[in-house]
>>> print(open('upload_12.cif').read())   # mmCIF, C-alpha atoms and all ligand atoms
data_start
loop_
_atom_site.label_atom_id
_atom_site.label_comp_id
_atom_site.auth_asym_id
_atom_site.auth_seq_id
_atom_site.Cartn_x
_atom_site.Cartn_y
_atom_site.Cartn_z
CA MET A 1 -71.55 -64.83 -24.50
CA ALA A 2 -71.13 -66.65 -21.18
CA GLY A 3 -69.13 -69.83 -20.86
CA GLY A 4 -65.66 -71.06 -21.60
CA LEU A 5 -62.52 -72.04 -19.74
CA VAL A 6 -61.35 -70.33 -16.57
CA THR A 7 -58.07 -71.31 -14.95
CA TRP A 8 -56.62 -71.08 -11.45
CA SER A 9 -53.36 -72.12 -9.87
CA PRO A 10 -53.32 -74.24 -6.67
CA SER A 11 -50.78 -72.26 -4.75
CA VAL A 12 -48.95 -71.92 -1.46
CA THR A 13 -47.33 -68.62 -0.51
CA LEU A 14 -43.92 -68.53 1.14
CA VAL A 15 -42.79 -65.22 2.59
CA PRO A 16 -38.97 -65.10 2.61
CA THR A 17 -39.20 -61.92 4.68
CA GLN A 18 -41.74 -59.27 5.54
CA GLY A 19 -38.89 -56.81 5.99
CA CYS A 20 -39.08 -54.12 3.33
CA PHE A 21 -37.19 -50.92 2.66
CA ASN A 22 -40.22 -49.42 0.95
CA ALA A 23 -43.11 -48.01 2.94
CA CYS A 24 -46.15 -48.03 0.65
CA SER A 25 -48.89 -46.14 2.43
CA TYR A 26 -51.46 -48.95 2.12
CA CYS A 27 -49.23 -51.84 3.20
CA SER A 28 -50.04 -53.93 6.27
CA PHE A 29 -47.64 -56.72 5.23
CA ARG A 30 -44.38 -54.88 5.78
CA VAL A 31 -42.26 -54.86 8.92
CA PRO A 32 -39.15 -52.67 9.28
CA LEU A 33 -36.03 -54.42 8.03
CA GLU A 34 -34.37 -54.50 11.46
CA GLN A 35 -37.36 -56.34 12.96
CA ALA A 36 -37.79 -58.86 10.17
CA VAL A 37 -37.32 -62.57 10.87
CA PRO A 38 -36.40 -64.39 7.65
CA LEU A 39 -38.08 -67.65 6.72
CA SER A 40 -35.77 -70.61 7.33
CA GLN A 41 -35.44 -73.52 4.92
CA ARG A 42 -36.90 -75.81 7.58
CA GLU A 43 -39.98 -73.64 8.06
CA ALA A 44 -40.39 -73.40 4.31
CA LEU A 45 -40.20 -77.18 3.94
CA GLU A 46 -42.84 -77.64 6.64
CA GLN A 47 -45.15 -75.19 4.88
CA LEU A 48 -44.67 -77.00 1.57
CA GLN A 49 -45.27 -80.39 3.12
CA ALA A 50 -48.49 -79.12 4.72
CA ARG A 51 -49.83 -78.29 1.24
CA PRO A 52 -49.00 -81.23 -1.01
CA ALA A 53 -51.54 -80.24 -3.67
CA ALA A 54 -50.12 -76.76 -4.18
CA ALA A 55 -48.31 -76.85 -7.51
CA GLU A 56 -47.22 -73.22 -7.44
CA VAL A 57 -45.00 -71.77 -4.72
CA LEU A 58 -45.46 -68.03 -4.70
CA LEU A 59 -42.36 -66.44 -3.19
CA LEU A 60 -43.73 -63.11 -2.05
CA SER A 61 -41.06 -61.05 -0.38
CA GLY A 62 -40.43 -57.68 1.15
CA GLU A 63 -37.61 -55.86 -0.61
CA VAL A 64 -34.05 -54.93 0.29
CA ALA A 65 -32.53 -51.83 -1.31
CA PRO A 66 -30.33 -52.56 -4.35
CA ASN A 67 -27.05 -51.54 -2.71
CA ALA A 68 -27.77 -52.55 0.88
CA PRO A 69 -25.18 -54.83 2.55
CA SER A 70 -27.90 -57.42 3.23
CA ARG A 71 -28.99 -57.61 -0.43
CA GLY A 72 -26.77 -60.62 -1.17
CA GLU A 73 -28.09 -62.64 1.76
CA TRP A 74 -31.68 -61.73 0.85
CA PHE A 75 -31.16 -62.79 -2.75
CA SER A 76 -29.47 -66.06 -1.73
CA ARG A 77 -32.56 -66.88 0.30
CA LEU A 78 -34.76 -66.36 -2.77
CA ARG A 79 -32.55 -68.75 -4.74
CA GLN A 80 -32.48 -71.34 -1.98
CA LEU A 81 -36.25 -71.24 -1.52
CA SER A 82 -36.77 -71.53 -5.28
CA ALA A 83 -34.45 -74.56 -5.34
CA LEU A 84 -36.28 -76.09 -2.37
CA ALA A 85 -39.63 -75.70 -4.12
CA LEU A 86 -38.27 -77.39 -7.25
CA ALA A 87 -36.75 -80.20 -5.18
CA GLN A 88 -40.22 -80.82 -3.75
CA GLY A 89 -41.69 -81.09 -7.23
CA ARG A 90 -43.28 -77.64 -7.04
CA LEU A 91 -42.98 -74.63 -9.33
CA PRO A 92 -41.66 -71.40 -7.82
CA HIS A 93 -42.95 -68.04 -8.98
CA THR A 94 -41.06 -65.15 -7.41
CA ASN A 95 -42.44 -61.67 -6.84
CA ALA A 96 -39.83 -59.78 -4.85
CA GLY A 97 -39.61 -56.32 -6.37
CA PRO A 98 -37.14 -55.01 -8.94
CA LEU A 99 -34.13 -57.23 -9.62
CA SER A 100 -30.86 -56.53 -11.35
CA LEU A 101 -30.25 -58.18 -14.70
CA ARG A 102 -28.00 -60.78 -13.07
CA GLU A 103 -30.46 -61.49 -10.29
CA MET A 104 -33.39 -61.87 -12.65
CA ALA A 105 -31.43 -64.11 -14.99
CA ALA A 106 -30.35 -66.33 -12.09
CA LEU A 107 -33.88 -66.66 -10.73
CA GLY A 108 -35.20 -67.23 -14.24
CA ARG A 109 -33.25 -70.50 -14.30
CA LEU A 110 -35.14 -71.67 -11.20
CA ASN A 111 -38.57 -70.05 -11.70
CA PRO A 112 -40.81 -71.03 -14.63
CA SER A 113 -42.46 -67.61 -14.29
CA MET A 114 -42.00 -64.46 -12.27
CA GLY A 115 -44.02 -61.36 -11.54
CA LEU A 116 -44.11 -57.69 -10.67
CA MET A 117 -47.11 -55.37 -10.64
CA LEU A 118 -46.86 -52.28 -12.81
CA GLU A 119 -49.31 -50.78 -10.25
CA GLY A 120 -50.50 -47.81 -12.34
CA VAL A 121 -49.85 -44.42 -13.87
CA GLY A 122 -50.49 -40.99 -12.38
CA PRO A 123 -50.33 -38.84 -9.27
CA ALA A 124 -52.54 -41.12 -7.13
CA TYR A 125 -49.85 -43.83 -7.35
CA ASP A 126 -47.06 -41.33 -6.79
CA ALA A 127 -48.73 -40.30 -3.53
CA LEU A 128 -49.18 -43.89 -2.32
CA HIS A 129 -45.54 -44.67 -3.12
CA ARG A 130 -43.94 -41.45 -1.87
CA HIS A 131 -41.85 -43.53 0.55
CA ALA A 132 -41.35 -46.51 -1.78
CA PRO A 133 -38.25 -45.87 -3.92
CA SER A 134 -38.65 -49.10 -5.91
CA LYS A 135 -42.18 -48.29 -6.99
CA THR A 136 -41.53 -45.65 -9.58
CA LEU A 137 -43.23 -46.22 -12.89
CA ALA A 138 -39.88 -46.09 -14.69
CA SER A 139 -38.39 -48.79 -12.49
CA ARG A 140 -41.38 -51.09 -12.92
CA LEU A 141 -41.51 -50.64 -16.67
CA ALA A 142 -37.78 -51.30 -16.89
CA GLN A 143 -38.35 -54.60 -15.05
CA LEU A 144 -41.02 -55.66 -17.53
CA GLU A 145 -38.66 -54.85 -20.41
CA GLN A 146 -35.79 -56.70 -18.73
CA ALA A 147 -37.93 -59.81 -18.19
CA GLY A 148 -38.90 -59.62 -21.85
CA ARG A 149 -35.27 -59.42 -22.97
CA LEU A 150 -34.50 -62.45 -20.80
CA GLY A 151 -37.49 -64.37 -22.19
CA ILE A 152 -39.07 -64.97 -18.79
CA PRO A 153 -42.84 -65.61 -18.80
CA PHE A 154 -44.12 -62.79 -16.66
CA THR A 155 -47.16 -61.73 -14.67
CA THR A 156 -47.89 -58.09 -14.05
CA GLY A 157 -50.92 -56.07 -13.16
CA LEU A 158 -52.66 -52.91 -12.07
CA LEU A 159 -53.83 -51.86 -8.64
CA LEU A 160 -57.21 -50.25 -9.24
CA GLY A 161 -59.39 -47.80 -7.38
CA VAL A 162 -56.72 -45.69 -5.70
CA GLY A 163 -57.98 -42.43 -7.26
CA GLU A 164 -56.69 -42.89 -10.80
CA SER A 165 -58.63 -41.47 -13.73
CA MET A 166 -59.98 -43.48 -16.66
CA GLU A 167 -57.42 -41.80 -18.88
CA GLU A 168 -54.60 -42.95 -16.59
CA ARG A 169 -55.98 -46.49 -16.64
CA VAL A 170 -55.91 -46.46 -20.41
CA GLN A 171 -52.35 -45.10 -20.38
CA ALA A 172 -51.27 -47.93 -18.07
CA LEU A 173 -52.92 -50.56 -20.26
CA GLU A 174 -51.33 -49.06 -23.38
CA LEU A 175 -47.92 -49.27 -21.74
CA LEU A 176 -48.53 -52.98 -21.20
CA VAL A 177 -49.70 -53.40 -24.78
CA GLY A 178 -46.42 -51.84 -25.94
CA VAL A 179 -44.34 -54.14 -23.73
CA GLN A 180 -46.22 -57.16 -25.00
CA ARG A 181 -45.78 -56.14 -28.65
CA ARG A 182 -42.02 -55.86 -28.10
CA TRP A 183 -41.43 -59.05 -26.14
CA GLY A 184 -44.55 -61.24 -25.97
CA HIS A 185 -43.74 -62.52 -22.47
CA LEU A 186 -46.70 -61.08 -20.51
CA GLN A 187 -48.70 -64.16 -19.67
CA GLU A 188 -51.09 -62.45 -17.26
CA VAL A 189 -52.29 -59.04 -16.28
CA ILE A 190 -53.86 -58.93 -12.83
CA LEU A 191 -56.65 -56.40 -12.42
CA GLN A 192 -56.58 -56.02 -8.67
CA PRO A 193 -59.14 -53.93 -6.80
CA TRP A 194 -57.44 -51.94 -4.07
CA ARG A 195 -58.97 -52.64 -0.68
CA PRO A 196 -58.26 -50.51 2.39
CA ASP A 197 -56.37 -52.07 5.27
CA GLY A 198 -58.34 -53.18 8.24
CA GLU A 199 -59.36 -56.15 10.29
CA ALA A 200 -62.73 -56.45 8.55
CA ALA A 201 -63.28 -56.96 4.85
CA ARG A 202 -64.95 -54.08 3.02
CA PRO A 203 -66.76 -55.65 0.09
CA LEU A 204 -66.74 -53.87 -3.25
CA SER A 205 -69.76 -51.60 -3.51
CA PRO A 206 -72.09 -51.95 -6.53
CA SER A 207 -70.62 -48.78 -8.07
CA GLU A 208 -67.05 -50.04 -7.53
CA GLN A 209 -68.01 -53.32 -9.16
CA ALA A 210 -69.58 -51.57 -12.15
CA ASP A 211 -66.47 -49.41 -12.55
CA LEU A 212 -64.17 -52.44 -12.45
CA LEU A 213 -66.32 -54.43 -14.87
CA GLU A 214 -66.00 -51.57 -17.34
CA LEU A 215 -62.24 -51.54 -16.88
CA ILE A 216 -61.99 -55.32 -17.35
CA ALA A 217 -63.90 -55.07 -20.63
CA MET A 218 -61.61 -52.28 -21.78
CA ALA A 219 -58.49 -54.24 -20.82
CA ARG A 220 -59.78 -57.22 -22.81
CA GLN A 221 -60.23 -55.03 -25.85
CA LEU A 222 -56.80 -53.43 -25.60
CA LEU A 223 -54.53 -56.30 -24.59
CA PRO A 224 -53.58 -59.02 -27.09
CA PRO A 225 -55.67 -62.18 -26.73
CA GLU A 226 -52.81 -64.39 -25.49
CA VAL A 227 -52.50 -62.26 -22.33
CA HIS A 228 -54.65 -63.80 -19.62
CA LEU A 229 -56.68 -61.40 -17.52
CA GLN A 230 -56.76 -62.26 -13.85
CA THR A 231 -58.54 -60.95 -10.79
CA PRO A 232 -58.35 -62.28 -7.21
CA PRO A 233 -61.73 -63.99 -6.62
CA ASN A 234 -61.71 -63.34 -2.86
CA LEU A 235 -61.94 -59.58 -3.44
CA TRP A 236 -65.28 -59.96 -5.25
CA PRO A 237 -68.66 -61.13 -3.94
CA LEU A 238 -68.75 -64.79 -5.03
CA GLU A 239 -72.07 -64.38 -6.85
CA GLN A 240 -70.55 -61.64 -9.02
CA LEU A 241 -67.82 -63.85 -10.47
CA PRO A 242 -69.83 -64.95 -13.52
CA ALA A 243 -70.25 -61.25 -14.44
CA VAL A 244 -66.51 -60.73 -13.91
CA LEU A 245 -65.77 -63.57 -16.33
CA GLU A 246 -68.27 -62.31 -18.86
CA ALA A 247 -66.47 -58.95 -18.79
CA GLY A 248 -63.20 -60.61 -19.81
CA ILE A 249 -61.41 -62.26 -16.87
CA ASN A 250 -60.25 -65.77 -17.77
CA ASP A 251 -57.97 -66.62 -14.84
CA LEU A 252 -58.44 -66.54 -11.07
CA GLY A 253 -54.76 -66.63 -10.22
CA GLY A 254 -52.97 -68.49 -7.47
CA ILE A 255 -55.39 -69.53 -4.74
CA ASP A 256 -53.85 -70.30 -1.36
CA THR A 257 -55.70 -70.97 1.89
CA VAL A 258 -55.06 -67.36 2.99
CA ASP A 259 -54.52 -64.16 1.03
CA VAL A 260 -51.27 -62.91 2.58
CA ILE A 261 -51.78 -59.37 1.28
CA ASN A 262 -55.50 -59.08 2.06
CA PRO A 263 -55.98 -61.54 4.96
CA ALA A 264 -59.41 -60.12 5.86
CA TYR A 265 -60.75 -61.46 2.55
CA PRO A 266 -61.19 -65.24 2.83
CA GLN A 267 -60.31 -67.32 -0.19
CA PRO A 268 -63.22 -69.16 -1.79
CA ALA A 269 -62.99 -72.93 -1.65
CA PRO A 270 -62.02 -74.14 -5.12
CA GLU A 271 -64.83 -76.70 -5.14
CA ALA A 272 -67.41 -74.00 -4.31
CA LEU A 273 -65.96 -71.90 -7.11
CA ARG A 274 -66.11 -74.79 -9.52
CA GLN A 275 -69.74 -75.57 -8.69
CA LEU A 276 -70.81 -71.95 -9.09
CA LEU A 277 -69.01 -71.51 -12.38
CA VAL A 278 -70.12 -74.84 -13.83
CA SER A 279 -73.71 -73.92 -13.01
CA ARG A 280 -73.23 -70.78 -15.13
CA GLY A 281 -71.67 -72.57 -18.08
CA TRP A 282 -67.95 -72.15 -17.28
CA ARG A 283 -65.23 -74.78 -16.87
CA LEU A 284 -62.75 -74.23 -14.03
CA GLU A 285 -59.41 -76.00 -14.48
CA PRO A 286 -56.20 -75.93 -12.45
CA ARG A 287 -53.02 -74.78 -14.21
CA THR A 288 -49.34 -74.43 -13.43
CA CYS A 289 -47.81 -71.03 -12.66
CA VAL A 290 -46.79 -70.70 -16.31
CA HIS A 291 -49.50 -70.85 -18.95
CA ARG A 292 -49.07 -73.47 -21.66
CA HIS A 293 -48.49 -70.92 -24.42
CA TRP A 294 -45.10 -70.10 -22.81
CA TRP A 295 -43.87 -73.62 -21.99
CA SER A 296 -41.68 -73.65 -25.09
CA TRP A 297 -39.81 -70.60 -23.72
CA LEU A 298 -38.53 -72.49 -20.68
CA PRO A 299 -35.11 -74.06 -20.18
CA ALA A 300 -35.43 -77.82 -20.76
CA VAL A 301 -35.09 -78.71 -17.06
CA LEU A 302 -37.84 -76.33 -16.01
CA ARG A 303 -40.06 -77.35 -18.88
CA ARG A 304 -39.86 -80.99 -17.79
CA ARG A 305 -40.83 -79.97 -14.24
CA VAL A 306 -43.78 -77.99 -15.51
CA GLU A 307 -44.98 -80.84 -17.71
CA GLN A 308 -44.70 -83.30 -14.82
CA ARG A 309 -46.70 -81.07 -12.52
CA ALA A 310 -49.28 -80.35 -15.21
CA ARG A 311 -49.85 -84.09 -15.62
CA LEU A 312 -50.50 -84.34 -11.87
CA LEU A 313 -52.94 -81.44 -12.00
CA ALA A 314 -54.76 -83.00 -14.93
CA SER A 315 -55.15 -86.21 -12.93
CA GLY A 316 -57.25 -84.26 -10.45
CA PRO A 317 -55.53 -84.19 -7.05
CA ALA A 318 -55.58 -80.40 -6.66
CA LEU A 319 -59.23 -80.13 -5.76
CA ALA A 320 -59.38 -83.40 -3.89
CA ASN A 321 -56.41 -82.61 -1.65
CA ALA A 322 -56.92 -78.91 -1.10
CA PRO A 323 -57.08 -78.62 2.69
CA HIS A 324 -59.49 -75.71 2.76
CA LEU A 325 -62.33 -77.53 1.07
S1 LIG B 401 -43.10 -52.96 -1.59
FE1 LIG B 401 -44.66 -54.45 -1.00
S2 LIG B 401 -44.02 -55.17 1.06
FE2 LIG B 401 -42.89 -53.30 0.63
S3 LIG B 401 -44.09 -51.69 1.60
FE3 LIG B 401 -44.73 -51.80 -0.56
S4 LIG B 401 -46.49 -53.21 -0.62
FE4 LIG B 401 -45.43 -53.46 1.36
#
>>> encode(input="upload_12.cif", output="structure tokens", more="lines below")
Ligand code: SF4
Amino acid sequence: MAGGLVTWSPSVTLVPTQGCFNACSYCSFRVPLEQAVPLSQREALEQLQARPAAAEVLLLSGEVAPNAPSRGEWFSRLRQLSALALAQGRLPHTNAGPLSLREMAALGRLNPSMGLMLEGVGPAYDALHRHAPSKTLASRLAQLEQAGRLGIPFTTGLLLGVGESMEERVQALELLVGVQRRWGHLQEVILQPWRPDGEAARPLSPSEQADLLELIAMARQLLPPEVHLQTPPNLWPLEQLPAVLEAGINDLGGIDTVDVINPAYPQPAPEALRQLLVSRGWRLEPRTCVHRHWWSWLPAVLRRRVEQRARLLASGPALANAPHL
């Protein structure tokens, strides 16, 4: 039955570096490591100050190889940017590829939640990631387990429509079900339609939409109910969003002014989203980067920060101040 609560996170994306040692075949974000210009603290501060209503600071970074000489400097930047976000009253959420146990534990003290896509299971993913050493299934699964052992509320997800079979989709979802049964820390699973690179957006075709709606419904059946299902609203035709929610999505993720990964797909204005969804019987509410169910998992300092920011969100400034309305 239609109707219910849908959440979203007012978000600003900081890119510590676009330099990446992987070379995923679909990526238009990456620049070679030697050409990368890291984000300075001053630039980061300016970007935060330009978006006062953004509660979440998504730190979305290219990756440095685990044993590379520049790994330490890269990781220090992640810590410094996380600390800067907190100092500005924001909530960092880092997605920077696989981390060592020490690195993840250190960032977990500064980030209320973190994330890493599982991506998917099967030869279609192996082909896309032939030149991406950190994107093996084993490495990604190990990260989900590690985050669980550390008690870090975590967001993961699947990249869909790259040539995977239905059976492989089910296998991927069952892997996530197993992780969640062991640790209980998966707060969100993103079901992300893959879109080809290019200057112009290529909207999902009706058959692609039908296929994804079926997958969303299956994911909702398989995953435990506390796991939020998310999809990026800018990758769907706006008028289809009610059907997406009816299929099982209950979160629209972090919404920034621009989608850094898919810049050809404009973000919907939150107020337009709200009006559409309200007219179809849904409530759209802003949330922090960590869902309430996991607040009790957080170190006391982070929990206080989250509660403070949640009070601000509840008072309504996120929609009123969002600059892209
Ligand atoms: S890991 Fe991310 S940034 Fe690096 S090449 Fe792959 S998609 Fe691009």
>>> residues_around(input="upload_12.cif", residues="range 126-135 of chain A", least_positions_apart="4", cutoff="12 Å", atoms="all atoms listed in the file", output="PyMOL selection string")
chain A and resi 20-27+30+62-66+96-99+116-122+139-143+159+162-164+194
>>> atom_distance(input="upload_12.cif", atom1="CA of His185 in chain A", atom2="CA of Trp294 in chain A")
7.7 Å
>>> closest_residue(input="upload_12.cif", among="A:Trp8, A:Trp236, A:Tyr125, A:Trp295", to="ligand LIG 401 (chain B)", atoms="all atoms listed in the file")
A:Tyr125
>>> closest_residue(input="upload_12.cif", among="A:His228, A:Pro242, A:Gly161, A:Leu191", to="Val278 in chain A", atoms="only C-alpha atoms")
A:Pro242
>>> closest_residue(input="upload_12.cif", among="A:Gly198, A:Gly248, A:Gly281, A:Gly89", to="Pro263 in chain A", atoms="only C-alpha atoms")
A:Gly198
>>> axis_aligned_box(input="upload_12.cif", around="ligand LIG 401 (chain B)", padding_each_side="6 Å", output="JSON")
{"center_x": -44.7, "center_y": -53.4, "center_z": 0.0, "size_x": 15.6, "size_y": 15.5, "size_z": 15.2}
>>> closest_residue(input="upload_12.cif", among="A:Gln146, A:Thr155, A:Ser82, A:Thr7", to="Met114 in chain A", atoms="all atoms listed in the file")
A:Thr155
>>> closest_residue(input="upload_12.cif", among="A:Gly316, A:Pro92, A:Gly178, A:Gly72", to="Leu14 in chain A", atoms="all atoms listed in the file")
A:Pro92
>>> closest_residue(input="upload_12.cif", among="A:Ala210, A:Ile261, A:Ala124, A:Ala217", to="ligand LIG 401 (chain B)", atoms="all atoms listed in the file")
A:Ile261
>>> residues_near_point(input="upload_12.cif", point="(-37.0, -71.1, 7.0)", cutoff="10 Å", atoms="only C-alpha atoms", output="MDAnalysis selection string")
chainID A and resid 14:17 37:47 77 81
>>> atom_distance(input="upload_12.cif", atom1="CA of Leu160 in chain A", atom2="CA of Glu214 in chain A")
12.0 Å
>>> residues_around(input="upload_12.cif", residues="range 204-209 of chain A", least_positions_apart="2", cutoff="9 Å", atoms="only C-alpha atoms", output="MDAnalysis selection string")
chainID A and resid 161 193 195 202 211:214 235:237 240 244
>>> atom_distance(input="upload_12.cif", atom1="CA of Asn234 in chain A", atom2="CA of Ser113 in chain A")
22.8 Å
>>> residues_near_point(input="upload_12.cif", point="(-48.5, -58.5, -15.1)", cutoff="6 Å", atoms="all atoms listed in the file", output="PyMOL selection string")
chain A and resi 117+155-157+188-190
>>> residues_around(input="upload_12.cif", residues="Asp256 in chain A", least_positions_apart="3", cutoff="10 Å", atoms="only C-alpha atoms", output="list in words")
Ser9, Pro10, Ser11, Val12, Thr13, Arg51, Ala54, Glu56, Val57, Leu58, Gly253, Asp259, Val260, Pro266, Gln267, Pro268, Ala269, Pro270, Ala322, Pro323 and His324 of chain A
>>> residues_around(input="upload_12.cif", residues="Glu226 in chain A", least_positions_apart="4", cutoff="12 Å", atoms="only C-alpha atoms", output="ChimeraX atom specification")
/A:177,180-181,184-189,220-222,250,291-294
>>> write_last_selection(input="upload_12.cif", atoms="C-alpha atoms", output="PDB file, keeping the file's coordinate frame")
ATOM      1  CA  VAL A 177     -49.700 -53.400 -24.780  1.00  0.00           C
ATOM      2  CA  GLN A 180     -46.220 -57.160 -25.000  1.00  0.00           C
ATOM      3  CA  ARG A 181     -45.780 -56.140 -28.650  1.00  0.00           C
ATOM      4  CA  GLY A 184     -44.550 -61.240 -25.970  1.00  0.00           C
ATOM      5  CA  HIS A 185     -43.740 -62.520 -22.470  1.00  0.00           C
ATOM      6  CA  LEU A 186     -46.700 -61.080 -20.510  1.00  0.00           C
ATOM      7  CA  GLN A 187     -48.700 -64.160 -19.670  1.00  0.00           C
ATOM      8  CA  GLU A 188     -51.090 -62.450 -17.260  1.00  0.00           C
ATOM      9  CA  VAL A 189     -52.290 -59.040 -16.280  1.00  0.00           C
ATOM     10  CA  ARG A 220     -59.780 -57.220 -22.810  1.00  0.00           C
ATOM     11  CA  GLN A 221     -60.230 -55.030 -25.850  1.00  0.00           C
ATOM     12  CA  LEU A 222     -56.800 -53.430 -25.600  1.00  0.00           C
ATOM     13  CA  ASN A 250     -60.250 -65.770 -17.770  1.00  0.00           C
ATOM     14  CA  HIS A 291     -49.500 -70.850 -18.950  1.00  0.00           C
ATOM     15  CA  ARG A 292     -49.070 -73.470 -21.660  1.00  0.00           C
ATOM     16  CA  HIS A 293     -48.490 -70.920 -24.420  1.00  0.00           C
ATOM     17  CA  TRP A 294     -45.100 -70.100 -22.810  1.00  0.00           C
TER      18      TRP A 294
END
